[in-house]
Amino acid sequence: MTTAIVSAAVCTDADTGSYFELAARAGRQALAAAEISADRVGLVINAGVFRDSNIAEPAVAALIQKRLEVGLEYETGRLPAFSFDLLNGGTGVLHALMTAHCFTGLGDVEYALIVAGDTHPTTERGREDFPYTASGAAILLHAGGGAGGFGRLYTAGNSGPLTPTAWADLEAAGTAGRGALTVRAATSDPLDLAETVLRECLSGEGLEPGDFATGAAVLLAPAPAAGFRERVAYRVGVPSAAVAGIDPFAGDPYSAGPVHAYLSAAGQGLLDEARSVVFLGVDGNAAAALVYRPRVLAPTS
């Protein structure tokens with residue numbers, strides 16, 4: 001059994017800075033677009049990192065599951081559901097896709113919902129000390145045989161010791177710890193990591209530049225840095241027209257970046273004929289790549 005992407009959505013509503021609410025709204029939009037009721041979802045995974053009030057317990061996924069009313073009542077004949085957080089910075093959505101596939105691909109759950117996004121713990125928008133744009137994103141997966149499914153996950157990371165990029169100094173914050181957060185801007189260019197992981201991924205999945213030139217393959221490049229889409233295309237030798245990125249003027253959605261890039265590609269019509277969609281997740285410390293094939297693979301002789 002394979003796994004198919006059924007729908008995806010992002011929410012950047014300006015009336016709230018709550019990640020819980022933004023992610024729940026994106027989840028409802030994804031379910032509505034697929035015309036699927038919440039009671040058919042068996043798994044919710046949260047890949048968002050920065051959340052309201054620095055909440056650590058319970059898992060953010062459980063709070064969003066409650067807002068979406070997914071599996072809140074255990075009844076005979078009703079699908080049981082569970083949820084958990086899976087946090088890995090800018091690559092978290094890709095790890096969540098692979099994890100969800102382990103459940104949907106085996107038929108353990110029919111639908112899985114992945115949510116991502118970030119906000120400052122105060123839920124205040126436009127803070128100069130927070131580099132990411134508040135948003136929520138959701139992507140809905142379905143267990144079935146109508147798609148080619150996902151390939152393996154490829155990863156790359158910086159060598160040597162890693163230094164923290166974000167933390168809450170609770171001792172210094174005192175009673176204001178729920179709103180405390182320090183984010184250190186990344187000093188390294190993610191381009192080298194992106195090139196490394198993409199070259200390994202394209203080689204391992206049998207994709208060539210010609211596949212991108214004909215529209216058979218599409219690359220999703222979520223880093224919002226100016227010129228990143230064109231530079232990563234040049235580095236791996238694919239046409240920039242086959243690479244969907246994120247508008248730098250829209251800000252940096254961080255953990256939700258891959259979903260934004262997926263919807264950008266869909267909006268440009270790049271997914272209409274694509275047989276391979278290459279997801280890229282990247283930040284200053286790590287990169288990951290994952291190929292999704294929206295159509296059943298043709299048998300080989």
# chains A, B, ... in the order shown; residues from 1 in each chain; ligands from 1

$ select_by_dssp --residues "segment 40-127 of chain A" --states "strand (DSSP E or B)" --output "list in words"
Val41, Gly42, Leu43, Val44, Ile45, Asn46, Phe82, Ser83, Phe84, Asp85, Tyr111, Ala112, Leu113, Ile114, Val115, Ala116, Gly117 and Asp118 of chain A

$ write_last_selection --atoms "N, CA, C and O atoms" --output "compact mmCIF listing (two decimals), in the first residue's frame"
# COMPACT_ATOMS: atom_id res chain seq x y z
N VAL A 41 -9.57 10.75 10.45
CA VAL A 41 -8.12 10.94 10.65
C VAL A 41 -7.67 10.10 11.83
O VAL A 41 -8.24 10.17 12.92
N GLY A 42 -6.63 9.30 11.62
CA GLY A 42 -6.15 8.43 12.68
C GLY A 42 -4.84 8.87 13.30
O GLY A 42 -4.42 8.31 14.32
N LEU A 43 -4.20 9.88 12.71
CA LEU A 43 -2.88 10.31 13.21
C LEU A 43 -2.70 11.79 12.94
O LEU A 43 -2.97 12.28 11.84
N VAL A 44 -2.23 12.53 13.96
CA VAL A 44 -1.87 13.94 13.82
C VAL A 44 -0.43 14.10 14.30
O VAL A 44 -0.10 13.70 15.42
N ILE A 45 0.41 14.67 13.44
CA ILE A 45 1.80 14.93 13.79
C ILE A 45 2.06 16.43 13.70
O ILE A 45 1.74 17.06 12.68
N ASN A 46 2.64 16.99 14.74
CA ASN A 46 3.01 18.40 14.73
C ASN A 46 4.51 18.54 14.52
O ASN A 46 5.31 17.97 15.25
N PHE A 82 -4.36 9.06 17.47
CA PHE A 82 -3.34 9.50 18.40
C PHE A 82 -2.51 10.59 17.74
O PHE A 82 -2.62 10.84 16.53
N SER A 83 -1.69 11.27 18.53
CA SER A 83 -0.93 12.41 18.01
C SER A 83 0.37 12.53 18.79
O SER A 83 0.49 12.09 19.92
N PHE A 84 1.36 13.17 18.15
CA PHE A 84 2.64 13.42 18.81
C PHE A 84 3.38 14.52 18.07
O PHE A 84 3.08 14.84 16.92
N ASP A 85 4.38 15.11 18.75
CA ASP A 85 5.24 16.13 18.16
C ASP A 85 6.48 15.47 17.56
O ASP A 85 7.01 14.50 18.12
N TYR A 111 -6.12 8.04 7.23
CA TYR A 111 -5.69 9.42 6.95
C TYR A 111 -4.77 9.89 8.06
O TYR A 111 -5.01 9.63 9.24
N ALA A 112 -3.72 10.61 7.67
CA ALA A 112 -2.80 11.22 8.63
C ALA A 112 -2.68 12.70 8.30
O ALA A 112 -2.58 13.07 7.12
N LEU A 113 -2.67 13.53 9.32
CA LEU A 113 -2.58 14.97 9.13
C LEU A 113 -1.30 15.49 9.78
O LEU A 113 -1.07 15.25 10.97
N ILE A 114 -0.49 16.19 8.99
CA ILE A 114 0.73 16.81 9.50
C ILE A 114 0.52 18.31 9.56
O ILE A 114 0.04 18.91 8.58
N VAL A 115 0.85 18.91 10.69
CA VAL A 115 0.74 20.36 10.83
C VAL A 115 2.12 20.92 11.18
O VAL A 115 2.94 20.24 11.80
N ALA A 116 2.35 22.16 10.79
CA ALA A 116 3.63 22.82 11.06
C ALA A 116 3.40 24.32 11.07
O ALA A 116 2.36 24.82 10.63
N GLY A 117 4.38 25.05 11.57
CA GLY A 117 4.29 26.50 11.65
C GLY A 117 4.92 26.98 12.95
O GLY A 117 5.27 26.18 13.83
N ASP A 118 5.04 28.28 13.07
CA ASP A 118 5.75 28.84 14.23
C ASP A 118 5.19 30.20 14.60
O ASP A 118 4.62 30.91 13.76

$ closest_atom_pairs --of "segment 60-175 of chain A" --to "segment 194-209 of chain A" --cutoff "12 Å" --atoms "only C-alpha atoms" --output "tab-separated table"
residue	atom	partner	partner_atom	distance
A:Gly90	CA	A:Ala194	CA	11.7
A:Thr91	CA	A:Ala194	CA	11.1
A:Phe150	CA	A:Glu205	CA	10.4
A:Gly151	CA	A:Glu205	CA	7.3
A:Arg152	CA	A:Glu205	CA	8.4
A:Leu153	CA	A:Cys201	CA	8.1
A:Tyr154	CA	A:Cys201	CA	6.0
A:Thr155	CA	A:Val197	CA	5.9
A:Ala156	CA	A:Val197	CA	5.6
A:Gly157	CA	A:Val197	CA	8.9
A:Asn158	CA	A:Thr196	CA	10.8

$ select_by_dssp --residues "segment 42-81 of chain A" --states "helix (DSSP H, G or I)" --output "JSON list (two decimals) with C-alpha atoms, in the first residue's frame"
[["chain", "number", "residue", "atom", "x", "y", "z"],
["A", 52, "ASP", "CA", 2.31, 29.76, 22.24],
["A", 53, "SER", "CA", 3.58, 30.42, 25.77],
["A", 54, "ASN", "CA", 6.54, 28.02, 25.32],
["A", 60, "VAL", "CA", 1.28, 20.53, 20.87],
["A", 61, "ALA", "CA", -0.08, 17.89, 18.48],
["A", 62, "ALA", "CA", -2.58, 16.83, 21.16],
["A", 63, "LEU", "CA", -3.78, 20.42, 21.60],
["A", 64, "ILE", "CA", -4.29, 20.81, 17.86],
["A", 65, "GLN", "CA", -5.94, 17.38, 17.68],
["A", 66, "LYS", "CA", -8.44, 18.61, 20.27],
["A", 67, "ARG", "CA", -9.18, 21.79, 18.31],
["A", 68, "LEU", "CA", -9.75, 19.73, 15.18]]

$ residues_around --residues "segment 266-276 of chain A" --least-positions-apart "3" --cutoff "12 Å" --atoms "only C-alpha atoms" --output "number ranges by chain"
A: 5, 7-9, 147-151, 201-202, 205-208, 211-220, 240-246, 259-263, 279, 290-298

$ decode --residues "segment 4-31 of chain A" --atoms "N, CA, C and O atoms" --output "PDB file, in the first residue's frame"
ATOM      1  N   ALA A   4      -0.609   8.731  -0.429  1.00  0.00           N
ATOM      2  CA  ALA A   4      -0.871   9.832  -1.344  1.00  0.00           C
ATOM      3  C   ALA A   4      -1.118  11.118  -0.572  1.00  0.00           C
ATOM      4  O   ALA A   4      -1.719  11.107   0.511  1.00  0.00           O
ATOM      5  N   ILE A   5      -0.644  12.239  -1.114  1.00  0.00           N
ATOM      6  CA  ILE A   5      -0.987  13.551  -0.587  1.00  0.00           C
ATOM      7  C   ILE A   5      -2.359  13.919  -1.136  1.00  0.00           C
ATOM      8  O   ILE A   5      -2.550  13.998  -2.348  1.00  0.00           O
ATOM      9  N   VAL A   6      -3.311  14.127  -0.252  1.00  0.00           N
ATOM     10  CA  VAL A   6      -4.687  14.419  -0.663  1.00  0.00           C
ATOM     11  C   VAL A   6      -4.914  15.919  -0.795  1.00  0.00           C
ATOM     12  O   VAL A   6      -5.541  16.387  -1.746  1.00  0.00           O
ATOM     13  N   SER A   7      -4.400  16.685   0.157  1.00  0.00           N
ATOM     14  CA  SER A   7      -4.596  18.132   0.141  1.00  0.00           C
ATOM     15  C   SER A   7      -3.568  18.787   1.039  1.00  0.00           C
ATOM     16  O   SER A   7      -2.901  18.121   1.842  1.00  0.00           O
ATOM     17  N   ALA A   8      -3.456  20.103   0.905  1.00  0.00           N
ATOM     18  CA  ALA A   8      -2.553  20.882   1.746  1.00  0.00           C
ATOM     19  C   ALA A   8      -3.123  22.286   1.878  1.00  0.00           C
ATOM     20  O   ALA A   8      -3.891  22.745   1.024  1.00  0.00           O
ATOM     21  N   ALA A   9      -2.762  22.961   2.958  1.00  0.00           N
ATOM     22  CA  ALA A   9      -3.277  24.306   3.188  1.00  0.00           C
ATOM     23  C   ALA A   9      -2.320  25.063   4.101  1.00  0.00           C
ATOM     24  O   ALA A   9      -1.594  24.463   4.897  1.00  0.00           O
ATOM     25  N   VAL A  10      -2.326  26.384   3.974  1.00  0.00           N
ATOM     26  CA  VAL A  10      -1.601  27.249   4.901  1.00  0.00           C
ATOM     27  C   VAL A  10      -2.553  28.324   5.396  1.00  0.00           C
ATOM     28  O   VAL A  10      -3.511  28.692   4.718  1.00  0.00           O
ATOM     29  N   CYS A  11      -2.293  28.808   6.589  1.00  0.00           N
ATOM     30  CA  CYS A  11      -3.107  29.870   7.174  1.00  0.00           C
ATOM     31  C   CYS A  11      -2.184  30.949   7.721  1.00  0.00           C
ATOM     32  O   CYS A  11      -1.330  30.667   8.572  1.00  0.00           O
ATOM     33  N   THR A  12      -2.354  32.167   7.231  1.00  0.00           N
ATOM     34  CA  THR A  12      -1.584  33.312   7.702  1.00  0.00           C
ATOM     35  C   THR A  12      -2.507  34.418   8.194  1.00  0.00           C
ATOM     36  O   THR A  12      -2.154  35.597   8.150  1.00  0.00           O
ATOM     37  N   ASP A  13      -3.689  34.053   8.649  1.00  0.00           N
ATOM     38  CA  ASP A  13      -4.680  35.042   9.097  1.00  0.00           C
ATOM     39  C   ASP A  13      -4.052  36.026  10.080  1.00  0.00           C
ATOM     40  O   ASP A  13      -3.361  35.627  11.029  1.00  0.00           O
ATOM     41  N   ALA A  14      -4.326  37.305   9.855  1.00  0.00           N
ATOM     42  CA  ALA A  14      -3.714  38.351  10.668  1.00  0.00           C
ATOM     43  C   ALA A  14      -4.449  38.613  11.974  1.00  0.00           C
ATOM     44  O   ALA A  14      -3.965  39.382  12.808  1.00  0.00           O
ATOM     45  N   ASP A  15      -5.614  37.973  12.178  1.00  0.00           N
ATOM     46  CA  ASP A  15      -6.387  38.249  13.386  1.00  0.00           C
ATOM     47  C   ASP A  15      -5.910  37.457  14.595  1.00  0.00           C
ATOM     48  O   ASP A  15      -6.443  37.621  15.693  1.00  0.00           O
ATOM     49  N   THR A  16      -4.916  36.578  14.410  1.00  0.00           N
ATOM     50  CA  THR A  16      -4.380  35.809  15.528  1.00  0.00           C
ATOM     51  C   THR A  16      -2.897  35.538  15.326  1.00  0.00           C
ATOM     52  O   THR A  16      -2.438  35.396  14.193  1.00  0.00           O
ATOM     53  N   GLY A  17      -2.161  35.491  16.420  1.00  0.00           N
ATOM     54  CA  GLY A  17      -0.760  35.108  16.363  1.00  0.00           C
ATOM     55  C   GLY A  17      -0.526  33.767  17.014  1.00  0.00           C
ATOM     56  O   GLY A  17       0.623  33.352  17.198  1.00  0.00           O
ATOM     57  N   SER A  18      -1.602  33.081  17.360  1.00  0.00           N
ATOM     58  CA  SER A  18      -1.507  31.784  18.027  1.00  0.00           C
ATOM     59  C   SER A  18      -1.196  30.687  17.014  1.00  0.00           C
ATOM     60  O   SER A  18      -1.948  30.494  16.054  1.00  0.00           O
ATOM     61  N   TYR A  19      -0.108  29.965  17.245  1.00  0.00           N
ATOM     62  CA  TYR A  19       0.193  28.843  16.355  1.00  0.00           C
ATOM     63  C   TYR A  19      -0.878  27.778  16.461  1.00  0.00           C
ATOM     64  O   TYR A  19      -1.267  27.170  15.463  1.00  0.00           O
ATOM     65  N   PHE A  20      -1.385  27.542  17.660  1.00  0.00           N
ATOM     66  CA  PHE A  20      -2.428  26.526  17.836  1.00  0.00           C
ATOM     67  C   PHE A  20      -3.621  26.827  16.930  1.00  0.00           C
ATOM     68  O   PHE A  20      -4.153  25.934  16.263  1.00  0.00           O
ATOM     69  N   GLU A  21      -4.033  28.085  16.905  1.00  0.00           N
ATOM     70  CA  GLU A  21      -5.191  28.460  16.106  1.00  0.00           C
ATOM     71  C   GLU A  21      -4.857  28.448  14.612  1.00  0.00           C
ATOM     72  O   GLU A  21      -5.660  27.968  13.799  1.00  0.00           O
ATOM     73  N   LEU A  22      -3.702  28.963  14.234  1.00  0.00           N
ATOM     74  CA  LEU A  22      -3.311  28.989  12.820  1.00  0.00           C
ATOM     75  C   LEU A  22      -3.192  27.574  12.262  1.00  0.00           C
ATOM     76  O   LEU A  22      -3.640  27.294  11.148  1.00  0.00           O
ATOM     77  N   ALA A  23      -2.583  26.677  13.035  1.00  0.00           N
ATOM     78  CA  ALA A  23      -2.429  25.293  12.577  1.00  0.00           C
ATOM     79  C   ALA A  23      -3.787  24.599  12.499  1.00  0.00           C
ATOM     80  O   ALA A  23      -4.044  23.826  11.566  1.00  0.00           O
ATOM     81  N   ALA A  24      -4.653  24.848  13.467  1.00  0.00           N
ATOM     82  CA  ALA A  24      -5.988  24.236  13.445  1.00  0.00           C
ATOM     83  C   ALA A  24      -6.784  24.728  12.240  1.00  0.00           C
ATOM     84  O   ALA A  24      -7.485  23.950  11.580  1.00  0.00           O
ATOM     85  N   ARG A  25      -6.681  26.015  11.940  1.00  0.00           N
ATOM     86  CA  ARG A  25      -7.390  26.548  10.772  1.00  0.00           C
ATOM     87  C   ARG A  25      -6.850  25.916   9.484  1.00  0.00           C
ATOM     88  O   ARG A  25      -7.632  25.577   8.586  1.00  0.00           O
ATOM     89  N   ALA A  26      -5.532  25.780   9.388  1.00  0.00           N
ATOM     90  CA  ALA A  26      -4.962  25.133   8.201  1.00  0.00           C
ATOM     91  C   ALA A  26      -5.432  23.689   8.108  1.00  0.00           C
ATOM     92  O   ALA A  26      -5.734  23.187   7.015  1.00  0.00           O
ATOM     93  N   GLY A  27      -5.495  22.996   9.241  1.00  0.00           N
ATOM     94  CA  GLY A  27      -5.963  21.620   9.248  1.00  0.00           C
ATOM     95  C   GLY A  27      -7.395  21.513   8.776  1.00  0.00           C
ATOM     96  O   GLY A  27      -7.739  20.613   7.984  1.00  0.00           O
ATOM     97  N   ARG A  28      -8.251  22.424   9.249  1.00  0.00           N
ATOM     98  CA  ARG A  28      -9.652  22.401   8.805  1.00  0.00           C
ATOM     99  C   ARG A  28      -9.751  22.670   7.308  1.00  0.00           C
ATOM    100  O   ARG A  28     -10.578  22.062   6.613  1.00  0.00           O
ATOM    101  N   GLN A  29      -8.931  23.584   6.805  1.00  0.00           N
ATOM    102  CA  GLN A  29      -8.946  23.884   5.372  1.00  0.00           C
ATOM    103  C   GLN A  29      -8.527  22.661   4.561  1.00  0.00           C
ATOM    104  O   GLN A  29      -9.121  22.371   3.520  1.00  0.00           O
ATOM    105  N   ALA A  30      -7.497  21.950   5.027  1.00  0.00           N
ATOM    106  CA  ALA A  30      -7.038  20.759   4.307  1.00  0.00           C
ATOM    107  C   ALA A  30      -8.111  19.677   4.311  1.00  0.00           C
ATOM    108  O   ALA A  30      -8.333  19.014   3.288  1.00  0.00           O
ATOM    109  N   LEU A  31      -8.784  19.485   5.436  1.00  0.00           N
ATOM    110  CA  LEU A  31      -9.850  18.489   5.510  1.00  0.00           C
ATOM    111  C   LEU A  31     -11.031  18.884   4.622  1.00  0.00           C
ATOM    112  O   LEU A  31     -11.607  18.042   3.923  1.00  0.00           O
TER     113      LEU A  31
END
